[in-house]
>>> print(open('upload.txt').read())   # compact mmCIF, C-alpha atoms
# COMPACT_ATOMS: atom_id res chain seq x y z
CA MET T 1 4.06 30.35 -22.19
CA PRO T 2 2.39 29.94 -18.73
CA VAL T 3 -0.09 27.31 -19.97
CA PRO T 4 0.72 24.96 -22.89
CA ILE T 5 -1.31 25.60 -26.03
CA SER T 6 -2.57 22.01 -25.99
CA GLN T 7 -4.03 22.48 -22.51
CA ALA T 8 -5.61 25.84 -23.36
CA TYR T 9 -7.11 24.30 -26.51
CA THR T 10 -8.48 21.31 -24.56
CA VAL T 11 -10.14 23.58 -22.00
CA ALA T 12 -11.51 25.96 -24.64
CA THR T 13 -13.06 23.21 -26.76
CA TYR T 14 -14.46 21.53 -23.65
CA VAL T 15 -16.18 24.73 -22.51
CA LEU T 16 -17.56 25.41 -25.99
CA LYS T 17 -18.89 21.85 -26.15
CA GLN T 18 -20.74 22.32 -22.85
CA LYS T 19 -22.21 25.57 -24.17
CA LEU T 20 -23.38 23.94 -27.39
CA GLN T 21 -24.97 21.12 -25.41
CA GLY T 22 -26.82 23.65 -23.27
CA ARG T 23 -25.30 22.47 -19.99
CA LYS T 24 -25.76 25.13 -17.33
CA ARG T 25 -23.58 23.41 -14.75
CA TYR T 26 -20.49 21.44 -15.66
CA PRO T 27 -17.15 20.65 -13.97
CA LEU T 28 -13.89 22.20 -15.10
CA VAL T 29 -11.47 20.78 -12.51
CA LEU T 30 -12.01 17.76 -10.29
CA MET T 31 -10.54 18.27 -6.83
CA LEU T 32 -9.46 14.70 -6.07
CA GLU T 33 -8.38 14.21 -2.45
CA PRO T 34 -6.90 10.70 -2.12
CA LEU T 35 -6.09 11.20 1.58
CA PHE T 36 -6.13 13.81 4.36
CA ARG T 37 -2.86 12.91 6.10
CA CYS T 38 -0.06 15.43 5.78
CA ASN T 39 3.52 15.76 6.98
CA LEU T 40 2.93 19.40 7.99
CA GLU T 41 0.36 21.21 10.13
CA CYS T 42 -0.11 24.76 8.88
CA ALA T 43 -2.01 27.24 11.03
CA GLY T 44 -4.29 28.32 8.18
CA CYS T 45 -5.20 24.81 7.00
CA GLY T 46 -8.62 23.33 7.66
CA LYS T 47 -8.30 20.15 5.61
CA ILE T 48 -6.35 17.84 7.94
CA GLN T 49 -8.06 18.26 11.33
CA TYR T 50 -9.48 14.73 11.44
CA PRO T 51 -9.13 11.94 14.01
CA GLU T 52 -6.39 9.37 13.46
CA HIS T 53 -8.68 6.65 12.10
CA ILE T 54 -9.80 9.03 9.32
CA LEU T 55 -6.24 10.13 8.54
CA LYS T 56 -5.29 6.49 7.99
CA LYS T 57 -7.87 6.09 5.21
CA ARG T 58 -7.16 6.72 1.54
CA LEU T 59 -8.73 6.28 -1.87
CA THR T 60 -7.60 3.38 -4.02
CA PRO T 61 -6.46 4.02 -7.60
CA GLU T 62 -9.67 2.37 -8.82
CA GLN T 63 -11.81 4.73 -6.74
CA CYS T 64 -9.88 7.68 -8.15
CA PHE T 65 -10.36 6.50 -11.72
CA ARG T 66 -14.11 5.96 -11.25
CA ALA T 67 -14.49 9.48 -9.87
CA VAL T 68 -12.49 10.99 -12.73
CA ASP T 69 -14.47 9.08 -15.36
CA GLU T 70 -17.78 9.93 -13.71
CA CYS T 71 -16.99 13.63 -13.45
CA GLY T 72 -15.55 14.08 -16.92
CA ALA T 73 -13.61 17.29 -16.18
CA PRO T 74 -10.56 17.86 -18.41
CA MET T 75 -8.35 18.79 -15.45
CA VAL T 76 -7.71 17.05 -12.14
CA SER T 77 -6.17 18.70 -9.09
CA ILE T 78 -4.79 16.29 -6.48
CA PRO T 79 -4.62 18.09 -3.13
CA GLY T 80 -4.71 16.58 0.34
CA GLY T 81 -3.17 16.11 2.82
CA GLU T 82 0.10 15.45 1.07
CA PRO T 83 -0.49 13.30 -2.03
CA LEU T 84 3.12 12.11 -2.21
CA ILE T 85 2.55 10.23 1.06
CA HIS T 86 -0.01 8.02 -0.71
CA PRO T 87 1.72 4.66 -1.39
CA GLU T 88 -0.10 4.28 -4.73
CA ILE T 89 0.31 7.82 -6.04
CA GLN T 90 2.38 6.57 -8.97
CA GLN T 91 -0.44 4.31 -10.17
CA ILE T 92 -2.98 7.10 -9.70
CA VAL T 93 -0.98 9.55 -11.77
CA GLU T 94 -0.23 7.01 -14.49
CA GLY T 95 -3.93 6.16 -14.78
CA LEU T 96 -4.90 9.82 -15.13
CA VAL T 97 -2.17 10.49 -17.69
CA ALA T 98 -3.45 7.51 -19.67
CA ARG T 99 -6.86 9.21 -19.65
CA LYS T 100 -5.21 12.38 -20.98
CA LYS T 101 -6.29 14.45 -17.99
CA TYR T 102 -4.27 17.53 -17.14
CA ILE T 103 -3.11 16.85 -13.58
CA TYR T 104 -1.97 19.32 -10.94
CA LEU T 105 -0.39 17.28 -8.16
CA CYS T 106 -0.34 19.64 -5.16
CA THR T 107 2.58 19.09 -2.82
CA ASN T 108 4.57 20.83 -0.10
CA ALA T 109 7.62 19.29 -1.87
CA ILE T 110 9.19 17.80 1.26
CA LEU T 111 9.12 14.40 -0.44
CA LEU T 112 9.21 15.58 -4.05
CA LYS T 113 12.91 15.21 -4.84
CA ARG T 114 13.12 11.63 -3.59
CA LYS T 115 9.82 10.71 -5.30
CA LEU T 116 10.60 12.14 -8.74
CA ASP T 117 11.80 8.77 -10.04
CA LEU T 118 8.24 7.45 -9.70
CA PHE T 119 7.04 9.78 -12.44
CA LYS T 120 7.77 10.56 -16.06
CA PRO T 121 7.70 14.10 -17.49
CA SER T 122 4.46 14.66 -19.41
CA LYS T 123 2.45 17.59 -20.65
CA TYR T 124 -0.38 16.12 -18.60
CA LEU T 125 1.47 16.21 -15.25
CA THR T 126 2.29 19.34 -13.28
CA PHE T 127 3.73 19.47 -9.79
CA SER T 128 1.97 22.36 -8.06
CA VAL T 129 4.25 23.26 -5.16
CA HIS T 130 2.73 25.07 -2.20
CA MET T 131 4.90 28.14 -1.55
CA ASP T 132 3.61 30.88 0.75
CA GLY T 133 6.27 33.53 0.27
CA ILE T 134 9.96 34.24 0.63
CA GLN T 135 11.97 31.94 2.89
CA GLU T 136 11.07 33.50 6.24
CA ASP T 137 7.38 33.83 5.42
CA HIS T 138 7.03 30.35 3.98
CA ASP T 139 8.73 28.58 6.88
CA HIS T 140 6.53 30.50 9.32
CA ALA T 141 3.41 29.59 7.34
CA VAL T 142 4.15 25.86 7.40
CA CYS T 143 5.40 25.99 10.98
CA ARG T 144 8.74 24.36 10.28
CA GLU T 145 12.12 25.89 9.53
CA GLY T 146 13.98 24.70 6.47
CA VAL T 147 10.97 23.71 4.36
CA TYR T 148 11.50 26.57 1.90
CA ASP T 149 15.03 25.36 1.13
CA VAL T 150 13.85 21.77 0.69
CA ALA T 151 11.03 22.87 -1.60
CA THR T 152 13.14 25.15 -3.79
CA GLU T 153 15.77 22.41 -4.18
CA ALA T 154 13.03 20.00 -5.26
CA ILE T 155 11.64 22.56 -7.73
CA ARG T 156 15.07 23.01 -9.32
CA GLU T 157 15.51 19.27 -9.68
CA ALA T 158 12.03 18.76 -11.15
CA VAL T 159 12.53 21.58 -13.66
CA LYS T 160 15.95 20.18 -14.55
CA ARG T 161 14.38 16.78 -15.31
CA GLY T 162 11.80 18.33 -17.61
CA PHE T 163 8.72 18.26 -15.39
CA ARG T 164 6.09 20.97 -15.48
CA VAL T 165 6.21 22.86 -12.18
CA THR T 166 3.97 25.64 -10.87
CA THR T 167 3.59 27.21 -7.45
CA ASN T 168 0.42 27.87 -5.47
CA THR T 169 0.26 30.54 -2.79
CA THR T 170 -2.35 31.40 -0.17
CA LEU T 171 -2.44 34.98 1.08
CA PHE T 172 -3.81 36.15 4.42
CA ASP T 173 -4.58 39.42 6.18
CA GLY T 174 -1.26 41.07 6.96
CA ALA T 175 0.43 40.21 3.68
CA ASP T 176 3.09 42.67 2.51
CA PRO T 177 2.79 43.40 -1.23
CA VAL T 178 6.50 44.25 -1.50
CA ARG T 179 7.49 40.87 -0.07
CA VAL T 180 4.96 39.06 -2.26
CA ARG T 181 6.33 40.74 -5.38
CA ALA T 182 9.87 39.79 -4.33
CA PHE T 183 8.62 36.24 -3.88
CA PHE T 184 7.29 36.24 -7.45
CA ASP T 185 10.76 37.22 -8.65
CA GLU T 186 12.31 34.32 -6.72
CA MET T 187 9.88 31.77 -8.13
CA MET T 188 10.39 32.85 -11.72
CA LYS T 189 14.17 32.58 -11.27
CA LEU T 190 13.64 28.94 -10.25
CA GLY T 191 12.19 28.31 -13.71
CA VAL T 192 8.60 27.47 -12.77
CA GLU T 193 6.07 27.48 -15.57
CA GLY T 194 3.74 29.82 -13.73
CA MET T 195 2.32 30.83 -10.37
CA MET T 196 -1.14 30.43 -8.85
CA MET T 197 -2.52 32.30 -5.87
CA SER T 198 -5.68 32.74 -3.89
CA PRO T 199 -6.88 34.42 -0.71
CA GLY T 200 -7.24 32.08 2.25
CA TYR T 201 -10.65 30.75 3.25
CA SER T 202 -11.82 30.82 6.87
CA TYR T 203 -12.05 27.09 7.51
CA SER T 204 -13.92 26.52 10.76
CA LYS T 205 -11.35 23.88 11.77
CA ALA T 206 -8.26 25.98 11.01
CA PRO T 207 -6.16 26.71 14.14
CA ASP T 208 -5.82 30.40 13.18
CA GLN T 209 -9.18 32.17 12.74
CA GLU T 210 -7.95 35.76 13.02
CA HIS T 211 -6.20 36.45 9.74
CA PHE T 212 -8.52 35.49 6.91
CA LEU T 213 -9.22 38.29 4.44
CA PRO T 214 -12.62 39.96 4.12
CA ARG T 215 -13.69 40.74 0.57
CA SER T 216 -12.76 44.45 0.62
CA ARG T 217 -9.22 43.80 1.86
CA THR T 218 -8.77 40.95 -0.62
CA LYS T 219 -9.38 43.38 -3.47
CA GLU T 220 -7.08 45.97 -1.92
CA LEU T 221 -4.28 43.46 -1.34
CA PHE T 222 -4.36 41.96 -4.83
CA THR T 223 -4.55 45.41 -6.42
CA ARG T 224 -1.35 46.38 -4.61
CA ILE T 225 0.37 43.16 -5.58
CA LEU T 226 -0.68 42.93 -9.22
CA SER T 227 -0.75 46.54 -10.36
CA ASN T 228 2.18 47.22 -12.69
CA PRO T 229 3.20 43.55 -12.97
CA LYS T 230 6.64 42.60 -14.24
CA LYS T 231 6.88 41.06 -17.70
CA GLU T 232 8.87 38.19 -16.22
CA TRP T 233 5.94 37.04 -14.08
CA HIS T 234 3.79 34.23 -15.46
CA PHE T 235 0.56 33.08 -13.85
CA ASN T 236 -0.96 29.66 -14.40
CA GLN T 237 -4.47 31.05 -13.91
CA SER T 238 -7.13 32.82 -15.87
CA PRO T 239 -6.22 36.53 -16.13
CA LEU T 240 -9.91 37.26 -15.63
CA PHE T 241 -9.78 35.56 -12.23
CA LEU T 242 -6.79 37.67 -11.21
CA GLU T 243 -8.67 40.79 -12.31
CA TYR T 244 -11.60 39.57 -10.21
CA LEU T 245 -9.33 39.39 -7.16
CA MET T 246 -8.41 43.00 -7.83
CA GLY T 247 -12.08 44.00 -7.92
CA ARG T 248 -12.11 44.68 -11.67
CA GLN T 249 -14.48 41.85 -12.54
CA ASP T 250 -17.64 40.92 -10.67
CA TYR T 251 -18.39 37.21 -10.69
CA GLU T 252 -20.67 34.83 -8.85
CA CYS T 253 -19.42 31.57 -7.44
CA THR T 254 -19.79 28.39 -9.51
CA PRO T 255 -18.95 25.70 -6.94
CA TRP T 256 -19.89 22.88 -9.33
CA GLY T 257 -16.99 24.02 -11.54
CA MET T 258 -14.47 22.44 -9.15
CA PRO T 259 -16.24 19.57 -7.39
CA THR T 260 -14.48 17.59 -4.66
CA TYR T 261 -14.23 13.83 -4.29
CA ASN T 262 -12.57 12.21 -1.27
CA ILE T 263 -12.83 9.18 1.03
CA PHE T 264 -16.36 10.23 2.07
CA GLY T 265 -17.74 10.72 -1.46
CA TRP T 266 -18.74 13.86 -3.41
CA GLN T 267 -18.51 16.78 -0.99
CA LYS T 268 -21.41 19.24 -0.81
CA PRO T 269 -21.45 21.97 -1.91
CA CYS T 270 -17.78 22.69 -2.61
CA TYR T 271 -14.15 22.15 -1.72
CA LEU T 272 -14.33 24.66 1.15
CA LEU T 273 -17.67 23.97 2.80
CA ASN T 274 -18.68 20.57 4.07
CA GLU T 275 -22.41 20.07 4.35
CA GLY T 276 -22.58 16.37 3.62
CA TYR T 277 -21.77 14.07 0.75
CA SER T 278 -23.46 12.71 -2.36
CA ALA T 279 -23.13 9.16 -3.60
CA SER T 280 -22.56 10.24 -7.20
CA PHE T 281 -21.57 13.31 -9.19
CA GLU T 282 -24.96 13.33 -10.87
CA GLU T 283 -26.63 13.38 -7.45
CA LEU T 284 -24.37 16.23 -6.37
CA LEU T 285 -25.42 18.34 -9.35
CA ALA T 286 -29.10 17.48 -9.15
CA GLU T 287 -29.79 17.65 -5.42
CA THR T 288 -27.56 20.45 -4.12
CA GLU T 289 -29.50 23.68 -3.59
CA TRP T 290 -26.97 25.84 -5.42
CA GLN T 291 -28.99 29.03 -4.92
CA ASN T 292 -27.98 28.91 -1.25
CA TYR T 293 -24.31 29.53 -2.03
CA GLY T 294 -22.20 32.34 -3.46
CA GLN T 295 -21.64 35.99 -2.56
CA PHE T 296 -25.14 37.05 -3.68
CA SER T 297 -26.93 34.22 -1.85
CA GLY T 298 -26.90 35.87 1.56
CA ASN T 299 -25.08 32.87 3.01
CA PRO T 300 -22.65 34.29 5.62
CA GLN T 301 -20.19 31.47 4.94
CA CYS T 302 -19.86 32.74 1.36
CA ALA T 303 -19.85 36.48 2.05
CA ASN T 304 -16.06 36.97 2.04
CA CYS T 305 -15.00 34.02 -0.09
CA MET T 306 -13.09 34.86 -3.28
CA VAL T 307 -11.18 31.59 -3.48
CA HIS T 308 -10.14 30.07 -6.80
CA SER T 309 -12.12 26.87 -6.23
CA GLY T 310 -15.32 28.90 -6.38
CA TYR T 311 -14.51 31.66 -8.83
CA GLU T 312 -11.82 30.59 -11.27
CA ALA T 313 -14.21 28.27 -13.09
CA THR T 314 -16.53 31.28 -13.45
CA ALA T 315 -13.69 33.28 -14.99
CA VAL T 316 -12.73 30.48 -17.37
CA ASN T 317 -16.36 30.11 -18.43
CA ASP T 318 -16.46 33.85 -19.10
CA GLY T 319 -13.21 33.77 -21.06
CA PHE T 320 -14.07 30.86 -23.31
CA GLY T 321 -17.85 31.10 -23.25
CA SER T 322 -18.42 34.39 -25.05
CA LEU T 323 -16.71 36.58 -27.63
CA LYS T 324 -16.72 39.53 -25.23
CA GLY T 325 -15.11 37.48 -22.45
CA PHE T 326 -12.60 35.98 -24.87
CA ALA T 327 -11.61 39.45 -26.09
CA ARG T 328 -11.04 40.63 -22.51
CA MET T 329 -8.99 37.54 -21.73
CA VAL T 330 -6.79 37.97 -24.81
CA LYS T 331 -6.29 41.66 -24.03
CA LEU T 332 -5.18 40.89 -20.47
CA THR T 333 -2.91 38.11 -21.69
CA LEU T 334 -1.19 40.42 -24.17
CA LEU T 335 -1.06 43.61 -22.10
CA GLY T 336 -0.67 42.12 -18.64
CA ILE T 337 -2.74 41.89 -15.47
CA GLY T 338 -3.46 45.24 -13.85
CA ALA T 339 -1.46 47.15 -16.44
CA SER T 340 -4.22 49.72 -16.87
CA LYS T 341 -3.51 51.42 -13.54
CA PRO T 342 -0.30 52.55 -11.77
CA ALA T 343 1.07 50.47 -8.91
CA ASN T 344 -0.11 52.99 -6.32
CA GLY T 345 -3.41 53.85 -8.01
CA ASN T 346 -6.42 54.82 -5.92
CA GLY T 347 -4.16 55.90 -3.10
CA HIS T 348 -2.76 52.39 -2.53
CA SER T 349 0.80 52.14 -1.26
CA LEU T 350 2.92 49.02 -1.15
CA HIS T 351 2.60 48.41 2.60
CA PRO T 352 1.12 45.53 4.58
CA ILE T 353 -2.67 45.36 4.56
CA HIS T 354 -2.98 44.79 8.28
CA GLY T 355 -0.11 45.23 10.64
CA ASN T 356 2.60 42.63 10.17
CA ASN T 357 5.07 42.14 7.32
CA SER T 358 4.24 38.68 6.13
CA THR T 359 2.21 36.68 3.67
CA VAL T 360 1.08 34.42 6.51
CA PRO T 361 -1.15 34.65 9.58
CA ALA T 362 0.56 36.36 12.51
CA LYS T 363 0.01 33.31 14.74
CA ALA T 364 1.99 31.19 12.31
CA GLN T 365 5.04 33.38 12.85
CA GLY T 366 6.76 31.37 15.50
CA CYS T 367 5.98 27.72 15.71
CA GLY T 368 6.53 27.64 19.44
CA SER T 369 3.66 30.02 20.05
CA GLY T 370 1.11 27.26 20.34
CA SER T 371 -0.60 27.65 17.00
CA CYS T 372 1.76 25.19 15.34
CA ASN T 373 2.45 21.99 17.18
CA HIS T 374 3.49 19.58 14.46
CA HIS T 375 7.19 18.74 14.37
CA HIS T 376 7.12 15.11 13.27
CA ASP T 377 9.85 13.86 11.01
CA GLU T 378 8.44 13.38 7.52
CA GLU T 379 10.19 10.01 7.12
CA GLU T 380 8.35 8.79 10.22
CA GLU T 381 5.06 10.09 8.82
CA LEU T 382 5.60 8.36 5.50
CA GLU T 383 6.44 5.03 7.11
CA THR T 384 3.31 5.21 9.28
CA VAL T 385 1.04 5.61 6.26
CA GLU T 386 2.75 3.08 4.04
CA LYS T 387 2.45 0.44 6.75
CA SER T 388 -1.24 1.15 7.45
>>> encode(input="upload.txt", output="structure tokens")
Amino acid sequence: MPVPISQAYTVATYVLKQKLQGRKRYPLVLMLEPLFRCNLECAGCGKIQYPEHILKKRLTPEQCFRAVDECGAPMVSIPGGEPLIHPEIQQIVEGLVARKKYIYLCTNAILLKRKLDLFKPSKYLTFSVHMDGIQEDHDHAVCREGVYDVATEAIREAVKRGFRVTTNTTLFDGADPVRVRAFFDEMMKLGVEGMMMSPGYSYSKAPDQEHFLPRSRTKELFTRILSNPKKEWHFNQSPLFLEYLMGRQDYECTPWGMPTYNIFGWQKPCYLLNEGYSASFEELLAETEWQNYGQFSGNPQCANCMVHSGYEATAVNDGFGSLKGFARMVKLTLLGIGASKPANGNGHSLHPIHGNNSTVPAKAQGCGSGSCNHHHDEEEELETVEKS
């Protein structure tokens, strides 16, 4: 079962409650960023390019709890930066578990194995491990050799101890569907609960600006990957969202569905764009000009975005918000994503979308090329933050 029944029930009843109350805009997942510092510098990342004095800042547990209570979303994703660097991450997680929030703690897993003793297995806690492909592709993506092996070892240990573990994968132009499908096989053999994936977003601060996917190639890539899926694959995402990535559903962005809170406040309008901050969640909802965002808005920054933080909440709302959407979701869950068409339908072959054979940007393939310049020891990084 890719998502526990208790979690699916909590989300379903929450969505139905919002519908009955007539709420047009409501949060589904709070993106809680307790810090921006990371122990990696990936070429496609646009979340950690801040000056040192900003990287030293972090949210306190109390600030995290206030944001969670104010937002009211049933699920909380803790990205970063690297959350396991935060010296009070144990207290943050314990406080959210006590509130019965379903937590996805996003981590590159470099520190996961040694930090596992801080946590207790719970249906409310999932370690969402960032994995960008098979060993060669992943190490290139994160610009450091050996990270794949460290991460997979940590995943095995976490699964062995009874923790919920999922993976999250970002795909770029140049991804090879054959290698991605092989990667899915590897992750399922590790015993993860399910996998999550999304196309990369063209962060303006990301070192590599050449390999983000336009909308048409996103649909082509995910069709090649997900057509004829194996029964062994489990995805920890709405099947309607995965069908959307394949171009079989047409959704509009609902950025309020996954609002972001970090050291600056409530980020406007979404996790990906940064056009200022609101002092409260209520202010974010009331004062953001939402009509200026989404694929149909004419906003060029939104034209090619198909990222989960904008569209998965739309898919979940569709699946639990109407009988028709629920029927489609159940059908896809039972029959499988993309099962209605052959793997090479519409003339698609299982070859790279654009040139190279990798799930990562070409510039990330070779950390000495200049696009990846971070080779700090993670122990050193951790000590720096814990002393600050």
>>> closest_atom_pairs(input="upload.txt", of="stretch 63-92 of chain T", to="stretch 299-314 of chain T", cutoff="12 Å", atoms="all atoms listed in the file", output="CSV")
residue,atom,partner,partner_atom,distance
T:Ala73,CA,T:Ala313,CA,11.4
T:Met75,CA,T:Ala313,CA,11.4
T:Ser77,CA,T:Ser309,CA,10.5
T:Pro79,CA,T:Ser309,CA,12.0
>>> write_last_selection(input="upload.txt", atoms="C-alpha atoms", output="short mmCIF file (atom, residue, chain, number, x, y, z; two decimals), keeping the file's coordinate frame")
data_model
loop_
_atom_site.label_atom_id
_atom_site.label_comp_id
_atom_site.auth_asym_id
_atom_site.auth_seq_id
_atom_site.Cartn_x
_atom_site.Cartn_y
_atom_site.Cartn_z
CA ALA T 73 -13.61 17.29 -16.18
CA MET T 75 -8.35 18.79 -15.45
CA SER T 77 -6.17 18.70 -9.09
CA PRO T 79 -4.62 18.09 -3.13
#
>>> atom_distance(input="upload.txt", atom1="atom CA of T:Leu245", atom2="atom CA of T:Val129")
21.2 Å
>>> atom_distance(input="upload.txt", atom1="atom CA of T:Arg114", atom2="atom CA of T:Leu84")
10.1 Å
>>> closest_residue(input="upload.txt", among="T:Ile337, T:Met131, T:Leu105, T:Ala182", to="T:Met196", atoms="only C-alpha atoms")
T:Met131
>>> closest_residue(input="upload.txt", among="T:Glu157, T:Glu41, T:Glu220, T:Asp176", to="T:Val192", atoms="only C-alpha atoms")
T:Glu157
>>> closest_residue(input="upload.txt", among="T:Val93, T:Met187, T:Ala315, T:Ile110", to="T:Leu28", atoms="all atoms listed in the file")
T:Ala315
>>> closest_residue(input="upload.txt", among="T:Glu82, T:Glu94, T:Glu52, T:Glu136", to="T:Cys64", atoms="only C-alpha atoms")
T:Glu94
>>> closest_residue(input="upload.txt", among="T:Arg99, T:Arg144, T:Lys57, T:Lys115", to="T:Asp69", atoms="all atoms listed in the file")
T:Arg99
>>> residues_around(input="upload.txt", residues="stretch 4-13 of chain T", least_positions_apart="3", cutoff="7 Å", atoms="all atoms listed in the file", output="list in words")
Met1, Leu16, Lys17, Pro74 and Phe320 of chain T
>>> closest_residue(input="upload.txt", among="T:Tyr102, T:Tyr148, T:Tyr26, T:Phe172", to="T:Arg217", atoms="all atoms listed in the file")
T:Phe172
>>> atom_distance(input="upload.txt", atom1="atom CA of T:Lys324", atom2="atom CA of T:Val76")
27.5 Å
>>> axis_aligned_box(input="upload.txt", around="stretch 52-68 of chain T", padding_each_side="4 Å", output="AutoDock Vina command-line options")
--center_x -9.9 --center_y 6.7 --center_z 0.4 --size_x 17.2 --size_y 16.6 --size_z 34.2
>>> residues_near_point(input="upload.txt", point="(11.5, 25.3, 2.0)", cutoff="9 Å", atoms="all atoms listed in the file", output="list in words")
Asn108, Ala109, Ile110, Met131, Gln135, His138, Asp139, Arg144, Glu145, Gly146, Val147, Tyr148, Asp149, Val150, Ala151, Thr152 and Glu153 of chain T
>>> residues_near_point(input="upload.txt", point="(1.4, 25.2, -10.8)", cutoff="8 Å", atoms="all atoms listed in the file", output="list in words")
Tyr104, Thr126, Phe127, Ser128, Val129, Arg164, Val165, Thr166, Thr167, Asn168, Val192, Glu193, Gly194, Met195, Met196 and Asn236 of chain T
>>> residues_around(input="upload.txt", residues="T:Ala279", least_positions_apart="5", cutoff="9 Å", atoms="all atoms listed in the file", output="number ranges by chain")
T: 264-266, 284
>>> residues_around(input="upload.txt", residues="T:Pro259", least_positions_apart="2", cutoff="10 Å", atoms="all atoms listed in the file", output="number ranges by chain")
T: 26-32, 71, 73, 254-257, 261, 266-271, 281, 284-285, 309-310
>>> build_atoms(input="upload.txt", residues="stretch 3-15 of chain T", atoms="N, CA and C atoms", output="short mmCIF file (atom, residue, chain, number, x, y, z; two decimals), keeping the file's coordinate frame")
data_model
loop_
_atom_site.label_atom_id
_atom_site.label_comp_id
_atom_site.auth_asym_id
_atom_site.auth_seq_id
_atom_site.Cartn_x
_atom_site.Cartn_y
_atom_site.Cartn_z
N VAL T 3 0.72 28.50 -19.81
CA VAL T 3 -0.09 27.31 -19.97
C VAL T 3 0.14 26.79 -21.39
N PRO T 4 0.48 25.50 -21.55
CA PRO T 4 0.72 24.96 -22.89
C PRO T 4 -0.50 25.16 -23.80
N ILE T 5 -0.23 25.38 -25.08
CA ILE T 5 -1.31 25.60 -26.03
C ILE T 5 -2.26 24.42 -26.06
N SER T 6 -1.72 23.20 -25.95
CA SER T 6 -2.57 22.01 -25.99
C SER T 6 -3.57 21.99 -24.84
N GLN T 7 -3.13 22.44 -23.66
CA GLN T 7 -4.03 22.48 -22.51
C GLN T 7 -5.09 23.57 -22.68
N ALA T 8 -4.66 24.75 -23.13
CA ALA T 8 -5.61 25.84 -23.36
C ALA T 8 -6.64 25.43 -24.41
N TYR T 9 -6.19 24.74 -25.45
CA TYR T 9 -7.11 24.30 -26.51
C TYR T 9 -8.10 23.27 -25.96
N THR T 10 -7.60 22.33 -25.14
CA THR T 10 -8.48 21.31 -24.56
C THR T 10 -9.57 21.94 -23.71
N VAL T 11 -9.18 22.91 -22.88
CA VAL T 11 -10.14 23.58 -22.00
C VAL T 11 -11.14 24.39 -22.82
N ALA T 12 -10.63 25.12 -23.82
CA ALA T 12 -11.51 25.96 -24.64
C ALA T 12 -12.55 25.13 -25.38
N THR T 13 -12.11 24.04 -26.01
CA THR T 13 -13.06 23.21 -26.76
C THR T 13 -14.04 22.50 -25.83
N TYR T 14 -13.57 22.15 -24.63
CA TYR T 14 -14.46 21.53 -23.65
C TYR T 14 -15.56 22.50 -23.24
N VAL T 15 -15.19 23.73 -22.92
CA VAL T 15 -16.18 24.73 -22.51
C VAL T 15 -17.18 25.00 -23.64
#
